[in-house]
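*Asks:* Okay, here's the structure, questions in a sec.
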4 protein chains.
Amino acid sequence: MPILYTLKNEVLEANKNLERLGLVTFTWGNVSGIDREEGIVVIKPSGVPYNELKVDHMVVIDLDGNIIEGDLKPSSDTQTHLILYKNFPNIGGVCHTHSLWATSYAQANIGIPVYGTTHADHFRGEIPCSRPYTDEEIKGDYEANTGRLIVDTFRKINEDQIPGVLVASHGPFTWGVDANDAVQNSRVLEFIAEAAYRTSLLNSNISEINVNLIDKHFLRKHGDSAYYGQDSK
Amino acid sequence: MPILYTLKNEVLEANKNLERLGLVTFTWGNVSGIDREEGIVVIKPSGVPYNELKVDHMVVIDLDGNIIEGDLKPSSDTQTHLILYKNFPNIGGVCHTHSLWATSYAQANIGIPVYGTTHADHFRGEIPCSRPYTDEEIKGDYEANTGRLIVDTFRKINEDQIPGVLVASHGPFTWGVDANDAVQNSRVLEFIAEAAYRTSLLNSNISEINVNLIDKHFLRKHGDSAYYGQDSK
Amino acid sequence: MPILYTLKNEVLEANKNLERLGLVTFTWGNVSGIDREEGIVVIKPSGVPYNELKVDHMVVIDLDGNIIEGDLKPSSDTQTHLILYKNFPNIGGVCHTHSLWATSYAQANIGIPVYGTTHADHFRGEIPCSRPYTDEEIKGDYEANTGRLIVDTFRKINEDQIPGVLVASHGPFTWGVDANDAVQNSRVLEFIAEAAYRTSLLNSNISEINVNLIDKHFLRKHGDSAYYGQDSK
Amino acid sequence: MPILYTLKNEVLEANKNLERLGLVTFTWGNVSGIDREEGIVVIKPSGVPYNELKVDHMVVIDLDGNIIEGDLKPSSDTQTHLILYKNFPNIGGVCHTHSLWATSYAQANIGIPVYGTTHADHFRGEIPCSRPYTDEEIKGDYEANTGRLIVDTFRKINEDQIPGVLVASHGPFTWGVDANDAVQNSRVLEFIAEAAYRTSLLNSNISEINVNLIDKHFLRKHGDSAYYGQDSK
């Protein structure tokens with residue numbers, strides 16, 4: 001099944017990119033990708049070091065979490081990924097890390113305001129921080145509840161324009177059109193978080209930038225009239 | 001045309017130096033150089049990764065932005081570079097990055113005071129932060145307006161002695177006698193920004209250094225009686 | 001004696017990992033391992049650079065500190081290690097570093113609260129900071145007293161669930177099931193310390209996370225029903 | 001003259017170590033060594049990149065600054081080095097950098113208190129910051145005056161027990177028994193400065209550690225009864 005093989009390779013490379021981009025310590029991160037037509041998700045196995053990962057380690061599951069192919073247990077965060085795929089219809093990849101700067105914001109329980117055009121180039125507004133977990137969410141189906149908490153956070157936010165979230169007291173999840181795009185958004189989020197931290201310590205009175213400047217930058221990269229980069233063929 | 005080839009190579013190397021010096025994430029930066037006699041500018045293409053850049057990718061334009069040579073679209077910031085070349089007659093290269101520390105100051109909307117001799121060795125005074133963009137500037141010819149905003153910031157500042165600026169809510173632009181000198185000034189600016197950040201957090205009452213100390217350091221490297229480094233032949 | 005040779009190699013590799021994981025400057029760190037059946041401890045020699053360390057440099061001592069094998073003097077912190085082995089019956093390895101972030105917390109004389117799930121995945125509660133040394137402790141048998149100070153800090157804390165401590169004004173000690181596990185816990189502690197620092201500067205009102213969330217994360221990795229990672233054979 | 005050749009090589013290696021240890025940006029640092037018997041100093045040439053330095057580039061001067069051997073101009077900070085050699089009779093090497101953390105303290109015009117045992121292992125007390133330069137010192141023989149300012153700072157401080165200083169608004173100078181020891185002390189100072197910065201931001205009420213703890217650590221490495229490291233032959 002060549003399509004699946006391609007997806008497994010994409011997810012493998014996206015997971016390896018986590019380490020190349022400096023986003024992970026030990027095995028603390030995982031990426032998945034989805035084949036929407038087949039209803040099949042490929043995800044990293046739990047607890048395997050990135051430099052040992054091979055394409056055959058990738059775990060293939062359906063949207064209910066049943067293992068279709070693979071000898072290893074999938075990431076312990078698998079249920080969170082599945083909830084996101086079910087609720088965010090346009091996304092093709094999901095990424096979770098404990099990257100330092102985004103995690104620090106998540107632990108501080110505050111979202112990241114749009115302090116500059118680098119942020120607006122990639123996220124059209126504040127990157128939200130979820131509300132804290134309730135005791136019921138923790139004691140119940142915890143990983144699925146993490147997914148539901150994220151979906152709840154985006155009830156009034158467009159997940160296609162703000163492709164990432166901070167789960168309070170935990171860390172970031174990002175998504176994108178495919179697995180690698182989700183990883184790229186994690187790298188961007190990490191930069192944004194570090195710059196926002198410095199900005200807020202330099203000037204505690206700073207506020208979000210002009211909404212027109214946000215739109216200008218977001219739309220020159222992502223809108224119908226985007227003019228950044230080369231035309232794709 | 002061997003002179004142009006040399007310029008294209010210089011601009012290529014200057015762009016690659018952005019990555020070697022740790023000044024860029026992904027493709028977020030661009031450098032150009034000018035041949036004043038020919039009235040020709042060479043600039044990085046938009047959105048191409050630094051490690052894939054080749055000399056033939058460089059885009060050759062005239063001062064009105066017309067493409068003279070090259071198959072790729074020039075950097076989306078091209079108009080900003082051109083405005084600077086037209087208004088700052090002595091500069092030979094321009095560099096723009098989203099380097100972390102300078103961007104943090106830009107996002108905080110504050111200039112970088114002269115807190116030490118490292119700053120004074122390279123910039124003879126505070127590195128200014130522009131005023132915010134107006135709505136008209138954002139909605140109009142945005143990239144050209146960014147150039148005009150910089151020029152406006154330097155109405156009473158000598159751009160040859162302070163070869164860099166922070167564009168509010170955006171990031172740094174630097175310039176120099178050629179493309180590589182512009183990049184070097186970006187690296188110096190990044191160091192200065194990080195040291196200034198630490199300095200201001202260590203001592204919130206610190207003020208700028210003695211103007212005689214600024215002049216002593218700037219002039220021992222840049223004045224007519226400069227005595228730093230080896231004599232050039 | 002093949003078991004001892006294995007232990008010497010484990011301790012050698014664990015010491016070399018200190019450098020690979022970015023936990024040490026110069027020679028400021030040491031790791032040991034114990035063979036509980038033989039009552040024998042293997043520890044790094046004092047003041048030898050990590051990249052010159054060989055298996056024959058490892059010093060073999062008994063629990064009273066008598067040298068059994070080896071031509072070099074053991075780490076100056078050896079007595080601290082021995083006190084920990086005598087008082088913490090389940091540990092198989094001890095690690096001491098001056099890693100930057102954990103040392104900064106130790107110097108600030110404050111423990112590291114549980115600000116997030118990364119912390120709870122590895123340490124089931126605040127990482128305590130010891131009380132300051134008394135003059136008697138300093139002037140007496142200093143290194144052994146450091147061990148006693150740590151043991152005293154854990155009178156009401158389970159050292160198997162919180163495998164690390166900050167010695168006030170000094171730095172961190174961690175432990176684990178073997179030498180390498182102790183080193184891994186030092187790396188985790190360093191991450192936790194850096195993230196906690198950022199968290200507390202971002203939000204000075206932040207408090208520890210819900211105890212149910214701590215338990216959920218600690219136990220999904222360490223409890224009887226742990227489900228993180230692959231089943232060991 | 002083989003002794004001189006050895007000294008030139010030592011000074012070359014010490015200068016190259018500046019880059020290996022991450023203490024310099026561009027060419028912003030210089031190291032020298034002295035042969036007390038011959039009254040001869042070897043120092044880095046001005047403005048030469050570290051990776052291009054060769055043994056024949058080293059400049060040999062007498063204590064009045066006359067060039068004895070070498071085709072290049074000596075470091076612009078040469079007079080500062082010479083003043084230190086003349087006033088600190090036991091030192092064999094001098095190092096100057098603009099390393100980030102020590103420079104930040106110098107720019108903040110504050111010394112570095114002894115917040116922990118890592119500091120006390122190497123410096124027996126606060127690392128002092130000089131008073132600011134006077135206008136006369138700046139406009140006069142500036143580099144020699146920098147040396148005099150340092151000597152003045154140490155009127156009541158033992159330079160053999162505190163082998164380094166922060167020159168206000170400028171940066172650190174360190175010294176040692178030879179050129180490489182001076183560089184090592186610069187690296188230690190950089191670590192101490194970074195840890196002290198973190199410590200003071202974590203706990204603004206923290207004070208210096210117990211003087212007995214300072215003495216214990218300094219003397220176990222440097223006193224007559226030092227017991228750290230291996231016995232030298």
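Ligands are numbered from 1 in the order shown, chains are lettered A, B, ... in the order of the structure tokens, and residues start at 1 in each chain.
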Neighbouring residues of range 75-84 of chain A were defined as those with any atom within 10 Å, considering only C-alpha atoms; residues of the same chain fewer than 5 positions away were excluded. Please report them as a PDB file with N, CA and C atoms, in the first residue's frame.
*Replies:*
ATOM      1  N   GLY A  29       8.024  14.025  23.071  1.00  0.00           N
ATOM      2  CA  GLY A  29       7.325  14.665  21.972  1.00  0.00           C
ATOM      3  C   GLY A  29       6.834  13.614  21.010  1.00  0.00           C
ATOM      4  N   ASN A  30       5.800  13.926  20.253  1.00  0.00           N
ATOM      5  CA  ASN A  30       5.274  12.952  19.309  1.00  0.00           C
ATOM      6  C   ASN A  30       4.508  13.668  18.205  1.00  0.00           C
ATOM      7  N   VAL A  31       4.580  13.078  17.018  1.00  0.00           N
ATOM      8  CA  VAL A  31       3.924  13.649  15.848  1.00  0.00           C
ATOM      9  C   VAL A  31       3.111  12.547  15.177  1.00  0.00           C
ATOM     10  N   SER A  32       1.987  12.945  14.610  1.00  0.00           N
ATOM     11  CA  SER A  32       1.174  12.009  13.831  1.00  0.00           C
ATOM     12  C   SER A  32       0.744  12.665  12.534  1.00  0.00           C
ATOM     13  N   GLY A  33       0.274  11.830  11.606  1.00  0.00           N
ATOM     14  CA  GLY A  33      -0.291  12.324  10.351  1.00  0.00           C
ATOM     15  C   GLY A  33      -1.502  11.482  10.004  1.00  0.00           C
ATOM     16  N   ILE A  34      -2.418  12.049   9.216  1.00  0.00           N
ATOM     17  CA  ILE A  34      -3.653  11.330   8.901  1.00  0.00           C
ATOM     18  C   ILE A  34      -3.822  11.196   7.390  1.00  0.00           C
ATOM     19  N   VAL A  41      -4.576   6.846  10.787  1.00  0.00           N
ATOM     20  CA  VAL A  41      -3.595   7.740  11.410  1.00  0.00           C
ATOM     21  C   VAL A  41      -2.297   6.978  11.663  1.00  0.00           C
ATOM     22  N   VAL A  42      -1.163   7.650  11.388  1.00  0.00           N
ATOM     23  CA  VAL A  42       0.151   7.076  11.703  1.00  0.00           C
ATOM     24  C   VAL A  42       0.758   7.920  12.819  1.00  0.00           C
ATOM     25  N   ILE A  43       1.282   7.271  13.861  1.00  0.00           N
ATOM     26  CA  ILE A  43       1.803   8.002  15.034  1.00  0.00           C
ATOM     27  C   ILE A  43       3.047   7.310  15.575  1.00  0.00           C
ATOM     28  N   LYS A  44       3.871   8.109  16.263  1.00  0.00           N
ATOM     29  CA  LYS A  44       5.103   7.618  16.875  1.00  0.00           C
ATOM     30  C   LYS A  44       4.771   6.605  17.972  1.00  0.00           C
ATOM     31  N   PRO A  45       5.598   5.565  18.121  1.00  0.00           N
ATOM     32  CA  PRO A  45       5.428   4.674  19.265  1.00  0.00           C
ATOM     33  C   PRO A  45       5.856   5.370  20.557  1.00  0.00           C
ATOM     34  N   SER A  46       5.397   4.881  21.677  1.00  0.00           N
ATOM     35  CA  SER A  46       5.664   5.502  22.984  1.00  0.00           C
ATOM     36  C   SER A  46       7.092   5.221  23.457  1.00  0.00           C
ATOM     37  N   GLY A  47       7.783   6.272  23.916  1.00  0.00           N
ATOM     38  CA  GLY A  47       9.042   6.093  24.633  1.00  0.00           C
ATOM     39  C   GLY A  47      10.235   5.609  23.835  1.00  0.00           C
ATOM     40  N   VAL A  48      10.207   5.676  22.509  1.00  0.00           N
ATOM     41  CA  VAL A  48      11.357   5.252  21.699  1.00  0.00           C
ATOM     42  C   VAL A  48      12.206   6.482  21.342  1.00  0.00           C
ATOM     43  N   MET A  58       6.624   2.915  13.195  1.00  0.00           N
ATOM     44  CA  MET A  58       5.444   3.773  13.188  1.00  0.00           C
ATOM     45  C   MET A  58       4.196   2.907  13.405  1.00  0.00           C
ATOM     46  N   VAL A  59       3.277   3.430  14.198  1.00  0.00           N
ATOM     47  CA  VAL A  59       2.077   2.666  14.529  1.00  0.00           C
ATOM     48  C   VAL A  59       0.914   3.196  13.704  1.00  0.00           C
ATOM     49  N   ILE A  61      -3.087   3.310  13.112  1.00  0.00           N
ATOM     50  CA  ILE A  61      -4.330   3.086  13.865  1.00  0.00           C
ATOM     51  C   ILE A  61      -5.511   3.658  13.090  1.00  0.00           C
ATOM     52  N   ASP A  62      -6.707   3.230  13.481  1.00  0.00           N
ATOM     53  CA  ASP A  62      -7.885   3.887  12.913  1.00  0.00           C
ATOM     54  C   ASP A  62      -8.324   5.003  13.865  1.00  0.00           C
ATOM     55  N   LEU A  63      -9.390   5.702  13.500  1.00  0.00           N
ATOM     56  CA  LEU A  63      -9.773   6.875  14.292  1.00  0.00           C
ATOM     57  C   LEU A  63     -10.364   6.520  15.659  1.00  0.00           C
ATOM     58  N   ASP A  64     -10.606   5.228  15.893  1.00  0.00           N
ATOM     59  CA  ASP A  64     -11.020   4.806  17.232  1.00  0.00           C
ATOM     60  C   ASP A  64      -9.840   4.319  18.064  1.00  0.00           C
ATOM     61  N   GLY A  65      -8.630   4.353  17.476  1.00  0.00           N
ATOM     62  CA  GLY A  65      -7.443   3.990  18.231  1.00  0.00           C
ATOM     63  C   GLY A  65      -7.079   2.514  18.108  1.00  0.00           C
ATOM     64  N   PRO A  89     -11.489  19.492  11.009  1.00  0.00           N
ATOM     65  CA  PRO A  89     -11.578  18.694   9.775  1.00  0.00           C
ATOM     66  C   PRO A  89     -10.490  18.969   8.742  1.00  0.00           C
ATOM     67  N   ILE A  91      -7.166  19.607   9.297  1.00  0.00           N
ATOM     68  CA  ILE A  91      -5.771  19.378   9.669  1.00  0.00           C
ATOM     69  C   ILE A  91      -5.309  18.003   9.210  1.00  0.00           C
ATOM     70  N   GLY A  93      -1.918  16.903  10.267  1.00  0.00           N
ATOM     71  CA  GLY A  93      -0.861  16.452  11.163  1.00  0.00           C
ATOM     72  C   GLY A  93      -1.000  17.112  12.519  1.00  0.00           C
ATOM     73  N   VAL A  94      -0.535  16.424  13.562  1.00  0.00           N
ATOM     74  CA  VAL A  94      -0.580  16.954  14.934  1.00  0.00           C
ATOM     75  C   VAL A  94       0.791  16.732  15.577  1.00  0.00           C
ATOM     76  N   CYS A  95       1.212  17.702  16.356  1.00  0.00           N
ATOM     77  CA  CYS A  95       2.521  17.626  17.017  1.00  0.00           C
ATOM     78  C   CYS A  95       2.393  18.038  18.474  1.00  0.00           C
ATOM     79  N   HIS A  96       3.011  17.277  19.364  1.00  0.00           N
ATOM     80  CA  HIS A  96       3.039  17.626  20.786  1.00  0.00           C
ATOM     81  C   HIS A  96       4.474  17.561  21.277  1.00  0.00           C
ATOM     82  N   ASP A 141     -10.995   9.777  31.441  1.00  0.00           N
ATOM     83  CA  ASP A 141     -10.215   9.353  30.263  1.00  0.00           C
ATOM     84  C   ASP A 141      -9.265  10.508  29.921  1.00  0.00           C
ATOM     85  N   TYR A 142      -8.150  10.563  30.656  1.00  0.00           N
ATOM     86  CA  TYR A 142      -7.310  11.753  30.715  1.00  0.00           C
ATOM     87  C   TYR A 142      -6.844  12.243  29.348  1.00  0.00           C
ATOM     88  N   GLU A 143      -6.267  11.369  28.536  1.00  0.00           N
ATOM     89  CA  GLU A 143      -5.689  11.818  27.269  1.00  0.00           C
ATOM     90  C   GLU A 143      -6.785  12.276  26.291  1.00  0.00           C
ATOM     91  N   ALA A 144      -7.915  11.568  26.267  1.00  0.00           N
ATOM     92  CA  ALA A 144      -9.021  12.027  25.431  1.00  0.00           C
ATOM     93  C   ALA A 144      -9.547  13.365  25.971  1.00  0.00           C
ATOM     94  N   ASN A 145      -9.597  13.504  27.279  1.00  0.00           N
ATOM     95  CA  ASN A 145     -10.081  14.763  27.855  1.00  0.00           C
ATOM     96  C   ASN A 145      -9.155  15.935  27.514  1.00  0.00           C
ATOM     97  N   THR A 146      -7.874  15.654  27.366  1.00  0.00           N
ATOM     98  CA  THR A 146      -6.954  16.712  26.926  1.00  0.00           C
ATOM     99  C   THR A 146      -7.354  17.198  25.537  1.00  0.00           C
ATOM    100  N   GLY A 147      -7.693  16.268  24.672  1.00  0.00           N
ATOM    101  CA  GLY A 147      -8.161  16.643  23.340  1.00  0.00           C
ATOM    102  C   GLY A 147      -9.444  17.460  23.419  1.00  0.00           C
ATOM    103  N   ARG A 148     -10.375  17.025  24.257  1.00  0.00           N
ATOM    104  CA  ARG A 148     -11.651  17.753  24.391  1.00  0.00           C
ATOM    105  C   ARG A 148     -11.414  19.163  24.951  1.00  0.00           C
ATOM    106  N   LEU A 149     -10.470  19.270  25.887  1.00  0.00           N
ATOM    107  CA  LEU A 149     -10.134  20.575  26.466  1.00  0.00           C
ATOM    108  C   LEU A 149      -9.620  21.521  25.382  1.00  0.00           C
ATOM    109  N   ILE A 150      -8.815  20.990  24.478  1.00  0.00           N
ATOM    110  CA  ILE A 150      -8.306  21.820  23.382  1.00  0.00           C
ATOM    111  C   ILE A 150      -9.453  22.243  22.466  1.00  0.00           C
ATOM    112  N   VAL A 151     -10.296  21.306  22.110  1.00  0.00           N
ATOM    113  CA  VAL A 151     -11.425  21.619  21.227  1.00  0.00           C
ATOM    114  C   VAL A 151     -12.310  22.684  21.885  1.00  0.00           C
ATOM    115  N   PHE A 173       0.426  21.923  21.965  1.00  0.00           N
ATOM    116  CA  PHE A 173       0.048  21.084  20.826  1.00  0.00           C
ATOM    117  C   PHE A 173      -0.065  22.016  19.626  1.00  0.00           C
ATOM    118  N   TRP A 175      -0.758  21.942  15.089  1.00  0.00           N
ATOM    119  CA  TRP A 175      -1.215  21.113  13.962  1.00  0.00           C
ATOM    120  C   TRP A 175      -0.923  21.847  12.665  1.00  0.00           C
TER     121      TRP A 175
ATOM    122  N   ARG C 220       1.348   7.324  35.785  1.00  0.00           N
ATOM    123  CA  ARG C 220       1.246   6.696  34.465  1.00  0.00           C
ATOM    124  C   ARG C 220       2.629   6.308  33.948  1.00  0.00           C
ATOM    125  N   TYR C 227       1.598   3.011  32.038  1.00  0.00           N
ATOM    126  CA  TYR C 227       1.316   2.626  30.654  1.00  0.00           C
ATOM    127  C   TYR C 227       2.107   3.456  29.664  1.00  0.00           C
ATOM    128  N   TYR C 228       3.141   4.174  30.142  1.00  0.00           N
ATOM    129  CA  TYR C 228       3.996   4.955  29.254  1.00  0.00           C
ATOM    130  C   TYR C 228       5.150   4.069  28.777  1.00  0.00           C
ATOM    131  N   GLY C 229       5.561   4.246  27.544  1.00  0.00           N
ATOM    132  CA  GLY C 229       6.703   3.489  27.013  1.00  0.00           C
ATOM    133  C   GLY C 229       6.284   2.088  26.590  1.00  0.00           C
ATOM    134  N   GLN C 230       7.267   1.267  26.178  1.00  0.00           N
ATOM    135  CA  GLN C 230       7.003  -0.098  25.744  1.00  0.00           C
ATOM    136  C   GLN C 230       7.171  -1.048  26.926  1.00  0.00           C
TER     137      GLN C 230
END
*Asks:* Find the residues near Glu208 in chain D: any atom within 7 Å, counting only C-alpha atoms, skip ones fewer than 5 places away on the same chain, and give them as a list in words.
*Replies:*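 Surrounding residues, per the criterion: Pro113, Val114 and Tyr115 of chain D.
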*Asks:* Select from range 43-199 of chain C everything DSSP, run on the backbone, classes as helix (DSSP H, G or I), then give the selection as JSON, numbers by chain.
*Replies:* {"C": [50, 51, 52, 55, 56, 57, 78, 79, 80, 81, 82, 83, 84, 85, 86, 87, 100, 101, 102, 103, 104, 105, 106, 107, 117, 118, 119, 120, 121, 122, 135, 136, 137, 138, 139, 142, 143, 144, 145, 146, 147, 148, 149, 150, 151, 152, 153, 179, 180, 181, 182, 183, 184, 185, 186, 187, 188, 189, 190, 191, 192, 193, 194, 195, 196, 197, 198, 199]}
*Asks:* Mind running chain B against chain D at 8 Å and telling me each contacting residue's nearest atom pair with the distance in Å (one decimal), counting only C-alpha atoms, chain and number ascending, as a tab-separated table?
*Replies:*
residue	atom	partner	partner_atom	distance
B:Tyr115	CA	D:Gln107	CA	5.7
B:Gly116	CA	D:Ser169	CA	4.5
B:Thr117	CA	D:His170	CA	5.2
B:Thr118	CA	D:His170	CA	7.1
B:Phe191	CA	D:Leu100	CA	7.8
B:Glu194	CA	D:Leu100	CA	8.0
B:Ala195	CA	D:Ser104	CA	5.3
B:Ala196	CA	D:Ser104	CA	7.1
B:Arg198	CA	D:Ser104	CA	5.7
B:Thr199	CA	D:Ser104	CA	4.9
B:Ser200	CA	D:Ala108	CA	7.2
B:Leu202	CA	D:Ala108	CA	6.3
B:Asn203	CA	D:Ala108	CA	5.6
B:Ile206	CA	D:Ala108	CA	6.2
B:Ile209	CA	D:Ser169	CA	6.9
B:Asn212	CA	D:Asp135	CA	6.9
B:Leu213	CA	D:Ile138	CA	6.3
B:Lys216	CA	D:Ile138	CA	7.0
B:Tyr227	CA	D:Ser76	CA	7.4
B:Tyr228	CA	D:Ser76	CA	5.9
B:Gly229	CA	D:Gly47	CA	4.2
B:Gln230	CA	D:Lys73	CA	6.3
*Asks:* Please save C-alpha atoms of the selected residues as a PDB file, in the first residue's frame.
*Replies:*
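What ended up in out.pdb:
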ATOM      1  CA  TYR B 115      25.227  50.587  28.178  1.00  0.00           C
ATOM      2  CA  GLY B 116      28.821  49.656  27.392  1.00  0.00           C
ATOM      3  CA  THR B 117      31.893  49.969  25.246  1.00  0.00           C
ATOM      4  CA  THR B 118      30.983  46.994  23.018  1.00  0.00           C
ATOM      5  CA  PHE B 191      25.031  40.809  21.009  1.00  0.00           C
ATOM      6  CA  GLU B 194      21.220  40.564  24.635  1.00  0.00           C
ATOM      7  CA  ALA B 195      23.772  42.299  26.862  1.00  0.00           C
ATOM      8  CA  ALA B 196      21.518  45.346  27.224  1.00  0.00           C
ATOM      9  CA  ARG B 198      20.717  41.474  30.976  1.00  0.00           C
ATOM     10  CA  THR B 199      22.110  44.834  32.069  1.00  0.00           C
ATOM     11  CA  SER B 200      18.671  46.399  32.456  1.00  0.00           C
ATOM     12  CA  LEU B 202      20.406  43.471  36.740  1.00  0.00           C
ATOM     13  CA  ASN B 203      20.164  47.207  37.417  1.00  0.00           C
ATOM     14  CA  ILE B 206      21.482  52.076  34.968  1.00  0.00           C
ATOM     15  CA  ILE B 209      27.585  55.665  29.549  1.00  0.00           C
ATOM     16  CA  ASN B 212      33.340  60.753  26.061  1.00  0.00           C
ATOM     17  CA  LEU B 213      33.620  57.004  26.535  1.00  0.00           C
ATOM     18  CA  LYS B 216      36.706  57.204  22.573  1.00  0.00           C
ATOM     19  CA  TYR B 227      44.215  52.397  15.818  1.00  0.00           C
ATOM     20  CA  TYR B 228      42.294  49.123  16.281  1.00  0.00           C
ATOM     21  CA  GLY B 229      43.175  46.166  14.053  1.00  0.00           C
ATOM     22  CA  GLN B 230      45.936  45.921  11.461  1.00  0.00           C
TER      23      GLN B 230
END
*Asks:* So that I can check the surroundings of Ile112 in chain D, please list as a list in words every protein, DNA and RNA residue that reaches within 8 Å of it, counting only C-alpha atoms and ignoring chain neighbours fewer than 4 positions away.
*Replies:* Tyr105, Glu126, Ile127, Pro128, Cys129, Ala193 and Ala196 of chain D
*Asks:* Between CA of Ser204 in chain B and CA of Ile192 in chain B, what is the distance, to one decimal in Å?
*Replies:* 16.8 Å
*Asks:* Would you mind listing what lies within 8 Å of Asn17 in chain D as a PDB file with N, CA and C atoms, in the first residue's frame, with only C-alpha atoms counted and same-chain residues fewer than 4 positions away left out?
*Replies:*
ATOM      1  N   GLU D  13      47.647  29.028  21.974  1.00  0.00           N
ATOM      2  CA  GLU D  13      46.612  28.062  22.369  1.00  0.00           C
ATOM      3  C   GLU D  13      45.591  28.691  23.309  1.00  0.00           C
ATOM      4  N   LEU D  21      35.879  27.842  24.098  1.00  0.00           N
ATOM      5  CA  LEU D  21      35.079  27.911  25.325  1.00  0.00           C
ATOM      6  C   LEU D  21      33.881  28.854  25.183  1.00  0.00           C
ATOM      7  N   VAL D 183      42.619  32.206  31.033  1.00  0.00           N
ATOM      8  CA  VAL D 183      41.443  31.889  30.210  1.00  0.00           C
ATOM      9  C   VAL D 183      40.447  31.036  30.992  1.00  0.00           C
TER      10      VAL D 183
END
*Asks:* Identify, with DSSP run on backbone atoms, the residues in range 59-118 of chain A assigned to strand (DSSP E or B), and express the list as a PyMOL selection string.
*Replies:* chain A and resi 59-62+67-69+74+93-97+112
*Asks:* Please indicate the distance in Å from CA of Phe88 in chain B to CA of Asn9 in chain B, rounded to one decimal place.
*Replies:*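 Between these atoms lies a distance of 23.1 Å.
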